[in-house]
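Data file: upload04.csv. Format and content: CSV, C-alpha atoms and all ligand atoms.
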```csv
chain,number,residue,atom,x,y,z
A,228,MET,CA,-47.0,15.5,-45.0
A,229,LYS,CA,-50.7,15.9,-44.4
A,230,LEU,CA,-51.9,17.2,-41.1
A,231,TRP,CA,-54.0,14.1,-40.3
A,232,ILE,CA,-51.1,11.8,-40.8
A,233,VAL,CA,-48.9,13.8,-38.4
A,234,THR,CA,-51.7,13.8,-35.9
A,235,VAL,CA,-52.1,10.0,-36.1
A,236,ILE,CA,-48.3,9.6,-35.7
A,237,VAL,CA,-48.3,11.9,-32.6
A,238,ILE,CA,-51.3,10.1,-31.0
A,239,VAL,CA,-49.7,6.6,-31.6
A,240,ALA,CA,-46.3,7.9,-30.2
A,241,VAL,CA,-48.1,9.2,-27.1
A,242,VAL,CA,-50.0,6.0,-26.5
A,243,ILE,CA,-46.8,3.9,-26.9
A,244,ALA,CA,-44.9,6.1,-24.5
A,245,GLY,CA,-47.8,5.9,-22.0
A,246,LEU,CA,-47.8,2.1,-22.3
A,247,VAL,CA,-44.1,1.9,-21.7
A,248,ILE,CA,-44.2,4.1,-18.6
A,249,TRP,CA,-47.2,2.2,-17.2
A,250,LEU,CA,-45.5,-1.2,-17.9
A,251,SER,CA,-42.3,-0.1,-16.2
A,252,PHE,CA,-44.2,1.2,-13.2
A,253,LYS,CA,-46.2,-2.0,-13.0
A,254,LYS,CA,-43.0,-4.0,-13.2
A,255,SER,CA,-41.3,-2.2,-10.3
A,256,SER,CA,-44.4,-1.9,-8.2
A,257,SER,CA,-45.0,-5.7,-8.5
A,258,LEU,CA,-42.0,-6.4,-6.3
A,259,ASN,CA,-43.1,-8.1,-3.1
A,260,CYS,CA,-40.2,-7.1,-0.9
A,261,THR,CA,-40.4,-5.6,2.6
A,262,PRO,CA,-38.4,-2.3,2.8
A,263,TRP,CA,-35.4,-2.5,5.1
A,264,THR,CA,-34.9,-0.3,8.1
A,265,MET,CA,-32.0,1.9,7.3
A,266,PRO,CA,-29.2,2.0,10.0
A,267,SER,CA,-28.5,5.2,11.9
A,268,TRP,CA,-25.2,5.8,10.0
A,269,SER,CA,-26.9,5.9,6.5
A,270,GLN,CA,-26.2,9.6,6.1
A,271,SER,CA,-22.6,10.1,6.9
A,272,ILE,CA,-19.2,9.8,5.1
A,273,ALA,CA,-16.9,6.8,4.6
A,274,TYR,CA,-13.2,6.7,4.3
A,275,GLY,CA,-12.1,4.7,1.2
A,276,THR,CA,-9.0,2.5,1.7
A,277,TYR,CA,-8.2,1.6,-1.9
A,278,ASN,CA,-4.4,1.9,-2.4
A,279,ARG,CA,-3.8,2.6,1.4
A,280,LYS,CA,-0.9,0.2,1.8
A,281,GLY,CA,2.4,0.2,3.7
A,282,SER,CA,3.3,2.5,6.6
A,283,ARG,CA,2.2,5.7,4.7
A,284,GLY,CA,-1.2,4.1,3.8
A,285,THR,CA,-1.9,2.8,7.2
A,286,LYS,CA,-1.0,6.2,8.8
A,287,LEU,CA,-3.6,7.8,6.6
A,288,VAL,CA,-6.2,5.3,7.8
A,289,SER,CA,-5.2,6.2,11.4
A,290,GLN,CA,-5.5,9.9,10.5
A,291,ALA,CA,-9.0,9.3,9.2
A,292,LEU,CA,-10.0,7.6,12.5
A,293,ASP,CA,-8.5,10.5,14.4
A,294,ALA,CA,-10.4,13.0,12.3
A,295,GLY,CA,-13.7,11.2,13.2
A,296,PHE,CA,-14.3,8.8,10.4
A,297,ARG,CA,-16.1,5.7,11.6
A,298,ILE,CA,-17.2,4.0,8.3
A,299,ILE,CA,-14.2,2.3,6.7
A,300,ASP,CA,-14.6,1.0,3.2
A,301,ASN,CA,-12.4,-1.8,2.2
A,302,ALA,CA,-12.4,-4.8,-0.2
A,303,MET,CA,-10.6,-8.1,-0.4
A,304,CYS,CA,-9.1,-7.1,-3.7
A,305,TYR,CA,-7.5,-4.0,-2.3
A,306,GLY,CA,-5.0,-6.4,-0.7
A,307,ASN,CA,-4.6,-4.4,2.5
A,308,GLU,CA,-7.1,-5.9,4.9
A,309,GLU,CA,-4.4,-7.1,7.2
A,310,GLU,CA,-2.9,-3.6,7.5
A,311,VAL,CA,-6.2,-1.8,7.8
A,312,GLY,CA,-7.5,-4.5,10.2
A,313,ALA,CA,-4.5,-3.9,12.5
A,314,ILE,CA,-5.1,-0.1,12.5
A,315,ILE,CA,-8.7,-0.7,13.5
A,316,ARG,CA,-7.8,-3.2,16.3
A,317,GLU,CA,-5.1,-0.9,17.6
A,318,SER,CA,-7.3,2.2,17.6
A,319,LYS,CA,-9.4,0.7,20.5
A,320,ILE,CA,-12.4,2.6,19.2
A,321,PRO,CA,-15.5,0.8,20.6
A,322,ARG,CA,-16.7,-1.8,18.1
A,323,GLY,CA,-20.3,-0.5,18.1
A,324,GLU,CA,-19.1,2.9,16.9
A,325,MET,CA,-17.3,1.4,13.8
A,326,VAL,CA,-18.9,0.4,10.5
A,327,LEU,CA,-16.6,-2.0,8.8
A,328,ILE,CA,-17.2,-2.7,5.1
A,329,THR,CA,-15.7,-5.4,2.9
A,330,LYS,CA,-16.4,-6.8,-0.5
A,331,VAL,CA,-15.8,-10.2,-2.1
A,332,PRO,CA,-14.9,-10.4,-5.8
A,333,PRO,CA,-17.0,-12.7,-8.1
A,334,SER,CA,-14.0,-15.0,-8.5
A,335,HIS,CA,-14.4,-16.0,-4.8
A,336,ILE,CA,-18.1,-16.7,-4.7
A,337,GLY,CA,-17.4,-20.3,-3.9
A,338,ARG,CA,-15.5,-19.3,-0.8
A,339,MET,CA,-17.5,-16.3,0.4
A,340,GLU,CA,-18.1,-17.7,4.0
A,341,GLU,CA,-14.4,-18.5,4.5
A,342,LYS,CA,-13.3,-15.1,3.1
A,343,LEU,CA,-15.6,-13.3,5.4
A,344,ALA,CA,-14.4,-15.2,8.4
A,345,THR,CA,-10.7,-14.4,7.5
A,346,THR,CA,-11.5,-10.7,7.1
A,347,ALA,CA,-13.4,-10.6,10.5
A,348,GLU,CA,-10.4,-12.2,12.2
A,349,LEU,CA,-8.0,-9.7,10.7
A,350,TYR,CA,-10.3,-6.9,12.0
A,351,GLY,CA,-10.5,-8.6,15.4
A,352,THR,CA,-14.3,-8.8,15.3
A,353,SER,CA,-16.9,-11.5,15.4
A,354,TYR,CA,-19.0,-9.8,12.6
A,355,MET,CA,-18.6,-7.4,9.8
A,356,ASP,CA,-21.1,-4.5,9.3
A,357,VAL,CA,-21.3,-4.7,5.5
A,358,TYR,CA,-20.4,-7.5,3.0
A,359,MET,CA,-21.0,-6.9,-0.7
A,360,LEU,CA,-20.4,-8.7,-3.9
A,361,HIS,CA,-17.8,-6.6,-5.7
A,362,ASP,CA,-19.0,-6.3,-9.3
A,363,GLN,CA,-21.2,-8.7,-11.1
A,364,PRO,CA,-20.3,-12.2,-12.4
A,365,ASP,CA,-20.7,-12.8,-16.1
A,366,HIS,CA,-23.9,-15.0,-15.6
A,367,PHE,CA,-26.9,-13.8,-13.6
A,368,GLU,CA,-27.4,-17.3,-12.1
A,369,ASP,CA,-24.1,-16.8,-10.3
A,370,THR,CA,-25.2,-13.4,-9.0
A,371,ILE,CA,-28.3,-15.1,-7.6
A,372,ALA,CA,-26.3,-17.9,-6.1
A,373,ALA,CA,-23.9,-15.3,-4.5
A,374,TRP,CA,-26.9,-13.3,-3.2
A,375,LYS,CA,-28.4,-16.4,-1.5
A,376,ARG,CA,-25.1,-17.1,0.2
A,377,LEU,CA,-24.9,-13.5,1.4
A,378,LEU,CA,-28.4,-13.7,2.8
A,379,ARG,CA,-27.5,-16.9,4.7
A,380,LEU,CA,-24.4,-15.1,6.2
A,381,HIS,CA,-26.7,-12.2,7.2
A,382,ASP,CA,-29.2,-14.7,8.8
A,383,LYS,CA,-26.4,-16.3,10.8
A,384,GLY,CA,-25.4,-12.9,12.2
A,385,LYS,CA,-22.0,-12.9,10.6
A,386,VAL,CA,-22.8,-9.6,8.9
A,387,LYS,CA,-25.3,-6.8,9.5
A,388,LEU,CA,-25.9,-5.6,5.9
A,389,VAL,CA,-25.4,-7.5,2.7
A,390,GLY,CA,-25.4,-6.0,-0.8
A,391,MET,CA,-23.9,-5.4,-4.2
A,392,THR,CA,-21.6,-2.9,-5.8
A,393,ASN,CA,-21.8,-1.5,-9.3
A,394,VAL,CA,-25.3,-2.6,-9.7
A,395,SER,CA,-28.3,-1.5,-11.7
A,396,GLN,CA,-31.9,-1.2,-10.7
A,397,ALA,CA,-32.8,-4.0,-13.1
A,398,ILE,CA,-30.5,-6.4,-11.3
A,399,LEU,CA,-31.8,-5.3,-7.9
A,400,GLU,CA,-35.4,-6.0,-9.1
A,401,LYS,CA,-34.4,-9.4,-10.5
A,402,LEU,CA,-32.8,-10.4,-7.2
A,403,GLY,CA,-35.8,-9.2,-5.3
A,404,LYS,CA,-38.1,-11.2,-7.5
A,405,ALA,CA,-35.9,-14.3,-7.4
A,406,THR,CA,-35.5,-14.4,-3.6
A,407,GLY,CA,-38.1,-12.0,-2.1
A,408,LYS,CA,-35.3,-10.0,-0.6
A,409,LEU,CA,-33.5,-7.0,-2.0
A,410,PRO,CA,-29.9,-6.0,-1.2
A,411,MET,CA,-29.7,-3.8,1.9
A,412,ILE,CA,-26.9,-1.7,0.6
A,413,ILE,CA,-25.3,-0.8,-2.7
A,414,GLU,CA,-22.0,1.0,-3.7
A,415,ASN,CA,-22.0,2.6,-7.1
A,416,SER,CA,-20.0,5.3,-8.9
A,417,LEU,CA,-21.6,8.8,-8.9
A,418,ARG,CA,-21.5,9.3,-12.6
A,419,SER,CA,-23.5,12.4,-12.4
A,420,VAL,CA,-25.1,14.6,-9.7
A,421,GLU,CA,-28.4,13.7,-11.3
A,422,ASP,CA,-27.9,10.1,-10.1
A,423,LEU,CA,-28.7,11.3,-6.6
A,424,GLU,CA,-32.4,11.8,-7.5
A,425,GLY,CA,-32.7,9.3,-10.4
A,426,SER,CA,-34.8,6.2,-10.7
A,427,LEU,CA,-32.3,4.0,-8.9
A,428,ALA,CA,-32.0,6.5,-6.0
A,429,ASN,CA,-35.7,6.6,-5.6
A,430,PHE,CA,-36.0,2.8,-5.8
A,431,CYS,CA,-33.4,2.6,-3.0
A,432,LYS,CA,-35.2,5.2,-0.9
A,433,LYS,CA,-38.5,3.3,-1.3
A,434,TYR,CA,-37.0,0.0,-0.2
A,435,GLY,CA,-34.6,1.3,2.5
A,436,ILE,CA,-31.5,0.4,0.6
A,437,VAL,CA,-28.4,2.3,1.9
A,438,ARG,CA,-26.5,4.0,-1.0
A,439,LEU,CA,-22.7,4.4,-0.9
A,440,TYR,CA,-21.2,6.5,-3.8
A,441,PHE,CA,-17.6,6.5,-4.9
A,442,GLY,CA,-16.2,8.8,-7.6
A,443,VAL,CA,-17.9,11.8,-6.0
A,444,THR,CA,-14.8,14.1,-6.2
A,445,LYS,CA,-14.4,13.6,-9.9
A,446,GLU,CA,-14.1,16.8,-12.0
A,447,ARG,CA,-17.4,16.1,-13.7
A,448,ASN,CA,-19.2,16.3,-10.3
A,449,LEU,CA,-17.1,19.2,-8.9
A,450,THR,CA,-18.0,21.4,-11.9
A,451,HIS,CA,-21.6,20.5,-12.0
A,452,PRO,CA,-23.8,23.7,-11.9
A,453,ASN,CA,-25.6,22.5,-8.7
A,454,VAL,CA,-22.3,21.9,-7.0
A,455,VAL,CA,-20.9,25.3,-8.1
A,456,THR,CA,-24.0,27.1,-6.9
A,457,TYR,CA,-24.1,25.2,-3.6
A,458,ALA,CA,-20.5,26.0,-2.9
A,459,ARG,CA,-20.9,29.7,-3.7
A,460,SER,CA,-24.1,30.1,-1.6
A,461,HIS,CA,-22.6,28.3,1.4
A,462,ASN,CA,-19.1,29.8,0.9
A,463,ILE,CA,-17.5,26.3,0.9
A,464,SER,CA,-15.2,24.5,-1.5
A,465,PRO,CA,-16.7,22.4,-4.4
A,466,HIS,CA,-15.2,19.3,-2.6
A,467,CYS,CA,-17.2,20.1,0.5
A,468,ALA,CA,-20.3,21.0,-1.5
A,469,ILE,CA,-20.5,17.7,-3.3
A,470,LEU,CA,-20.0,15.7,-0.1
A,471,ARG,CA,-22.9,17.6,1.5
A,472,ILE,CA,-25.1,17.3,-1.6
A,473,VAL,CA,-24.6,13.5,-1.5
A,474,GLN,CA,-25.3,13.4,2.3
A,475,GLU,CA,-28.4,15.6,2.0
A,476,ALA,CA,-29.7,13.3,-0.7
A,477,GLY,CA,-29.7,10.6,2.0
A,478,ALA,CA,-26.5,8.8,0.9
A,479,ILE,CA,-22.9,8.2,1.9
A,480,PRO,CA,-19.9,9.5,-0.1
A,481,VAL,CA,-16.9,7.2,0.0
A,482,VAL,CA,-13.8,9.3,-0.3
A,483,GLY,CA,-10.2,8.3,-0.2
A,484,SER,CA,-7.6,11.0,0.4
A,485,ALA,CA,-3.8,10.8,0.8
A,486,ASN,CA,-3.7,14.2,2.3
A,487,GLU,CA,-4.3,14.7,6.1
A,488,ARG,CA,-5.6,18.2,5.6
A,489,HIS,CA,-8.2,16.9,3.1
A,490,ILE,CA,-9.2,14.0,5.4
A,491,ILE,CA,-9.9,16.4,8.3
A,492,ASP,CA,-11.7,18.9,6.0
A,493,ASN,CA,-13.9,16.2,4.5
A,494,TRP,CA,-15.0,14.9,7.9
A,495,ARG,CA,-15.6,18.4,9.3
A,496,CYS,CA,-17.5,19.4,6.2
A,497,VAL,CA,-20.0,16.5,6.4
A,498,TYR,CA,-20.2,16.6,10.2
A,499,LYS,CA,-20.9,20.4,10.2
A,500,GLY,CA,-23.4,19.9,7.4
A,501,LYS,CA,-25.3,17.2,9.5
A,502,GLN,CA,-25.3,19.5,12.5
A,503,GLU,CA,-26.9,22.3,10.4
A,504,GLN,CA,-29.5,19.9,9.1
A,505,ASP,CA,-30.4,18.6,12.6
A,601,LIG,N1,-17.1,-0.6,-5.2
A,601,LIG,C1,-16.2,-0.2,-6.1
A,601,LIG,O1,-16.2,-0.8,-7.2
A,601,LIG,C2,-15.3,0.9,-5.9
A,601,LIG,C3,-14.6,1.5,-7.0
A,601,LIG,C4,-13.7,2.5,-6.7
A,601,LIG,C5,-13.6,3.0,-5.4
A,601,LIG,N2,-14.2,2.5,-4.4
A,601,LIG,C6,-14.1,3.0,-3.0
A,601,LIG,O2,-14.2,4.4,-3.0
A,601,LIG,C7,-13.1,5.0,-2.5
A,601,LIG,C8,-12.9,6.3,-3.2
A,601,LIG,O3,-12.4,6.1,-4.5
A,601,LIG,P1,-12.6,7.2,-5.6
A,601,LIG,O4,-12.2,6.6,-6.9
A,601,LIG,O5,-13.9,7.9,-5.5
A,601,LIG,O6,-11.6,8.4,-5.3
A,601,LIG,P2,-10.1,8.4,-4.8
A,601,LIG,O7,-9.3,7.6,-5.6
A,601,LIG,O8,-10.1,8.2,-3.3
A,601,LIG,O9,-9.8,9.9,-5.1
A,601,LIG,C9,-10.3,11.0,-4.4
A,601,LIG,C10,-9.6,12.2,-5.0
A,601,LIG,O10,-10.2,13.4,-4.5
A,601,LIG,C11,-9.2,14.2,-3.9
A,601,LIG,N3,-9.7,14.8,-2.7
A,601,LIG,C12,-10.4,14.2,-1.7
A,601,LIG,N4,-10.8,15.1,-0.8
A,601,LIG,C13,-10.3,16.3,-1.2
A,601,LIG,C14,-10.4,17.6,-0.7
A,601,LIG,N5,-11.0,17.9,0.4
A,601,LIG,N6,-9.8,18.6,-1.4
A,601,LIG,C15,-9.2,18.4,-2.6
A,601,LIG,N7,-9.1,17.1,-3.1
A,601,LIG,C16,-9.6,16.1,-2.4
A,601,LIG,C17,-8.1,13.2,-3.5
A,601,LIG,O11,-6.8,13.9,-3.5
A,601,LIG,P3,-5.9,13.9,-2.2
A,601,LIG,O12,-5.4,12.5,-2.1
A,601,LIG,O13,-4.9,14.9,-2.5
A,601,LIG,O14,-6.8,14.3,-1.1
A,601,LIG,C18,-8.1,12.2,-4.7
A,601,LIG,O15,-7.4,12.7,-5.8
A,601,LIG,C19,-11.9,4.0,-2.7
A,601,LIG,O16,-10.9,4.2,-1.8
A,601,LIG,C20,-12.7,2.7,-2.4
A,601,LIG,O17,-12.8,2.5,-1.0
A,601,LIG,C21,-15.1,1.4,-4.6
```
Take the structure from the file and write it as structure tokens.
Ligand SMILES: NC(=O)c1ccc[n+]([C@@H]2O[C@H](COP(=O)([O-])OP(=O)(O)OC[C@H]3O[C@@H](n4cnc5c(N)ncnc54)[C@H](OP(=O)(O)O)[C@@H]3O)[C@@H](O)[C@H]2O)c1
Amino acid sequence: MKLWIVTVIVIVAVVIAGLVIWLSFKKSSSLNCTPWTMPSWSQSIAYGTYNRKGSRGTKLVSQALDAGFRIIDNAMCYGNEEEVGAIIRESKIPRGEMVLITKVPPSHIGRMEEKLATTAELYGTSYMDVYMLHDQPDHFEDTIAAWKRLLRLHDKGKVKLVGMTNVSQAILEKLGKATGKLPMIIENSLRSVEDLEGSLANFCKKYGIVRLYFGVTKERNLTHPNVVTYARSHNISPHCAILRIVQEAGAIPVVGSANERHIIDNWRCVYKGKQEQD
């Protein structure tokens, strides 16, 4: 191919790439949403209660509280709110120290208010700290409708932070544009360590959106070169390294464990990491 043709193709490609970047920047910077003030607990660790059922499951939740965990991640579809709620009530930990999270599935959008009230009752509290839509409905109009209902619950003081799980930046932006208000918290899978500094992460930092990550202890993350290097240089396990990396990125790892030793180690790891940072 002649040199001038190649040159023209390269110039056109560069101009198109520049236009795409400029347009996407313009799109995200045109959001007229006030950033949220992040809560004091936005850089800690949460105990995940999926599958924590029966006497063994609830014992593990108690052990997590004894170890020091104060953020408890639950969801209506885990089917254990009654059991977990009883453990929280019996613990007698001051309400202000606890961060109680629950999620409502898209199938219950029509009864979100009622479901929240039931959950709060099971936990023996007048409000929940976090209420999120658990996954996205098939139609975006339903997501908007659910988001408006969540905002109303927040405005009534029934919940401190409202948000979405398994959500993309595109959906957050659409919600912000439709209602003028962005979710205050999200819970997503940590598909890669790179997610922690990616576009969605930066968007959340810019708008004060709390990030919860599950799936942090998956093999793909434990063997990531950054995690391996961090673990070696701090002389800690890869499990501890990934938890601290998430926390240092300004987010919260949500970890479930059925092993008391691991529960204690996970709490100590993040707590010690935070002390070192302070
Ligand atoms: N919003 C959503 O859609 C969504 C989806 C999935 C999960 N979640 C939440 O996230 C929580 C966590 O779920 P997950 O899928 O990330 O993981 P998980 O099912 O809780 O599994 C964590 C794994 O890591 C191991 N582990 C934890 N700490 C360890 C340590 N210090 N040393 C060695 N192994 C350790 C555990 O083994 P041991 O049991 O032996 O410790 C377990 O196999 C759930 O309970 C739930 O609350 C939310």
Using all atoms of ligand LIG 601 (chain A) listed in the file and a margin of 8 Å per side, can you give the axis-aligned box centre and edge lengths in Å to one decimal, as lines of an AutoDock Vina configuration file?
```
center_x = -11.0
center_y = 8.9
center_z = -3.4
size_x = 28.2
size_y = 35.4
size_z = 23.6
```
Taking only residues of chain A that have an atom at most 7 Å from an atom of ligand LIG 601 (chain A), what is each one's shortest atom pair and its distance in Å to one decimal, using only C-alpha atoms and all ligand atoms, in chain and number order, as JSON lines?
```
{"residue": "A:Tyr274", "atom": "CA", "partner": "A:LIG601", "partner_atom": "O17", "distance": 6.8}
{"residue": "A:Gly275", "atom": "CA", "partner": "A:LIG601", "partner_atom": "O17", "distance": 3.2}
{"residue": "A:Thr276", "atom": "CA", "partner": "A:LIG601", "partner_atom": "O16", "distance": 4.3}
{"residue": "A:Tyr277", "atom": "CA", "partner": "A:LIG601", "partner_atom": "O16", "distance": 3.7}
{"residue": "A:Asn278", "atom": "CA", "partner": "A:LIG601", "partner_atom": "O16", "distance": 6.9}
{"residue": "A:Asp300", "atom": "CA", "partner": "A:LIG601", "partner_atom": "O17", "distance": 4.8}
{"residue": "A:Asn301", "atom": "CA", "partner": "A:LIG601", "partner_atom": "O17", "distance": 5.4}
{"residue": "A:His361", "atom": "CA", "partner": "A:LIG601", "partner_atom": "N1", "distance": 6.1}
{"residue": "A:Asp362", "atom": "CA", "partner": "A:LIG601", "partner_atom": "O1", "distance": 6.5}
{"residue": "A:Thr392", "atom": "CA", "partner": "A:LIG601", "partner_atom": "N1", "distance": 5.1}
{"residue": "A:Asn393", "atom": "CA", "partner": "A:LIG601", "partner_atom": "O1", "distance": 6.0}
{"residue": "A:Glu414", "atom": "CA", "partner": "A:LIG601", "partner_atom": "N1", "distance": 5.4}
{"residue": "A:Asn415", "atom": "CA", "partner": "A:LIG601", "partner_atom": "N1", "distance": 6.2}
{"residue": "A:Ser416", "atom": "CA", "partner": "A:LIG601", "partner_atom": "C3", "distance": 6.9}
{"residue": "A:Phe441", "atom": "CA", "partner": "A:LIG601", "partner_atom": "O5", "distance": 4.0}
{"residue": "A:Gly442", "atom": "CA", "partner": "A:LIG601", "partner_atom": "O5", "distance": 3.2}
{"residue": "A:Val443", "atom": "CA", "partner": "A:LIG601", "partner_atom": "O5", "distance": 5.6}
{"residue": "A:Thr444", "atom": "CA", "partner": "A:LIG601", "partner_atom": "O10", "distance": 5.0}
{"residue": "A:Lys445", "atom": "CA", "partner": "A:LIG601", "partner_atom": "O10", "distance": 6.8}
{"residue": "A:His466", "atom": "CA", "partner": "A:LIG601", "partner_atom": "N5", "distance": 5.3}
{"residue": "A:Cys467", "atom": "CA", "partner": "A:LIG601", "partner_atom": "N5", "distance": 6.6}
{"residue": "A:Val481", "atom": "CA", "partner": "A:LIG601", "partner_atom": "O2", "distance": 4.9}
{"residue": "A:Val482", "atom": "CA", "partner": "A:LIG601", "partner_atom": "C8", "distance": 4.3}
{"residue": "A:Gly483", "atom": "CA", "partner": "A:LIG601", "partner_atom": "O8", "distance": 3.1}
{"residue": "A:Ser484", "atom": "CA", "partner": "A:LIG601", "partner_atom": "O12", "distance": 3.7}
{"residue": "A:Ala485", "atom": "CA", "partner": "A:LIG601", "partner_atom": "O12", "distance": 3.7}
{"residue": "A:Asn486", "atom": "CA", "partner": "A:LIG601", "partner_atom": "O14", "distance": 4.6}
{"residue": "A:His489", "atom": "CA", "partner": "A:LIG601", "partner_atom": "N5", "distance": 4.0}
{"residue": "A:Ile490", "atom": "CA", "partner": "A:LIG601", "partner_atom": "N4", "distance": 6.5}
{"residue": "A:Asp492", "atom": "CA", "partner": "A:LIG601", "partner_atom": "N5", "distance": 5.7}
{"residue": "A:Asn493", "atom": "CA", "partner": "A:LIG601", "partner_atom": "N5", "distance": 5.3}
```
*Find the distance between CA of Pro266 (chain A) and CA of Leu439 (chain A) and write it in Å to one decimal.*
12.9 Å
*When distances are computed from only C-alpha atoms, which of A:Ser269, A:Ser257, A:Thr370, A:Thr234 shows the smallest separation from Val473 (chain A)?*
A:Ser269
_With all atoms listed in the file as the counted atoms, please give the residues lying no more than 9 Å from Arg471 (chain A), apart from itself and same-chain residues fewer than 3 positions off, as a PyMOL selection string._
chain A and resi 466-468+474-476+480+496-497+500-501
Output C-alpha atoms of each residue in that selection to a file, as a compact mmCIF listing (two decimals), keeping the file's coordinate frame.
```txt
# COMPACT_ATOMS: atom_id res chain seq x y z
CA HIS A 466 -15.20 19.30 -2.60
CA CYS A 467 -17.20 20.10 0.50
CA ALA A 468 -20.30 21.00 -1.50
CA GLN A 474 -25.30 13.40 2.30
CA GLU A 475 -28.40 15.60 2.00
CA ALA A 476 -29.70 13.30 -0.70
CA PRO A 480 -19.90 9.50 -0.10
CA CYS A 496 -17.50 19.40 6.20
CA VAL A 497 -20.00 16.50 6.40
CA GLY A 500 -23.40 19.90 7.40
CA LYS A 501 -25.30 17.20 9.50
```
*Arg322 (chain A): which residues within 10 Å, counting all atoms listed in the file, same-chain residues fewer than 5 positions away excluded, as a VMD selection string?*
chain A and resid 297 315 to 316 327 351 to 352 354
Keeping only C-alpha atoms, take the residues you just selected and write them out as a PDB file, in the frame of the given file.
```
ATOM      1  CA  ARG A 297     -16.100   5.700  11.600  1.00  0.00           C
ATOM      2  CA  ILE A 315      -8.700  -0.700  13.500  1.00  0.00           C
ATOM      3  CA  ARG A 316      -7.800  -3.200  16.300  1.00  0.00           C
ATOM      4  CA  LEU A 327     -16.600  -2.000   8.800  1.00  0.00           C
ATOM      5  CA  GLY A 351     -10.500  -8.600  15.400  1.00  0.00           C
ATOM      6  CA  THR A 352     -14.300  -8.800  15.300  1.00  0.00           C
ATOM      7  CA  TYR A 354     -19.000  -9.800  12.600  1.00  0.00           C
TER       8      TYR A 354
END
```
Generate the missing atoms of region 429-442 of chain A up to N, CA and C atoms and report them as a CSV table (one decimal), keeping the file's coordinate frame.
```
chain,number,residue,atom,x,y,z
A,429,ASN,N,-34.4,6.7,-6.2
A,429,ASN,CA,-35.7,6.6,-5.6
A,429,ASN,C,-36.1,5.2,-5.3
A,430,PHE,N,-35.7,4.3,-6.1
A,430,PHE,CA,-36.0,2.8,-5.8
A,430,PHE,C,-35.3,2.5,-4.4
A,431,CYS,N,-34.1,2.9,-4.2
A,431,CYS,CA,-33.4,2.6,-3.0
A,431,CYS,C,-34.1,3.3,-1.8
A,432,LYS,N,-34.5,4.5,-2.0
A,432,LYS,CA,-35.2,5.2,-0.9
A,432,LYS,C,-36.5,4.4,-0.5
A,433,LYS,N,-37.2,4.0,-1.5
A,433,LYS,CA,-38.5,3.3,-1.3
A,433,LYS,C,-38.3,2.0,-0.5
A,434,TYR,N,-37.2,1.3,-0.8
A,434,TYR,CA,-37.0,0.0,-0.2
A,434,TYR,C,-35.9,0.0,1.0
A,435,GLY,N,-35.6,1.2,1.4
A,435,GLY,CA,-34.6,1.3,2.5
A,435,GLY,C,-33.3,0.8,2.3
A,436,ILE,N,-32.8,0.9,1.0
A,436,ILE,CA,-31.5,0.4,0.6
A,436,ILE,C,-30.4,1.5,0.8
A,437,VAL,N,-29.4,1.3,1.6
A,437,VAL,CA,-28.4,2.3,1.9
A,437,VAL,C,-27.6,2.5,0.6
A,438,ARG,N,-27.3,3.7,0.2
A,438,ARG,CA,-26.5,4.0,-1.0
A,438,ARG,C,-25.1,4.6,-0.6
A,439,LEU,N,-24.1,3.9,-1.1
A,439,LEU,CA,-22.7,4.4,-0.9
A,439,LEU,C,-22.3,4.9,-2.3
A,440,TYR,N,-21.7,6.0,-2.5
A,440,TYR,CA,-21.2,6.5,-3.8
A,440,TYR,C,-19.7,6.7,-3.7
A,441,PHE,N,-19.0,6.2,-4.7
A,441,PHE,CA,-17.6,6.5,-4.9
A,441,PHE,C,-17.5,7.4,-6.1
A,442,GLY,N,-16.3,7.9,-6.4
A,442,GLY,CA,-16.2,8.8,-7.6
A,442,GLY,C,-16.8,10.2,-7.4
```
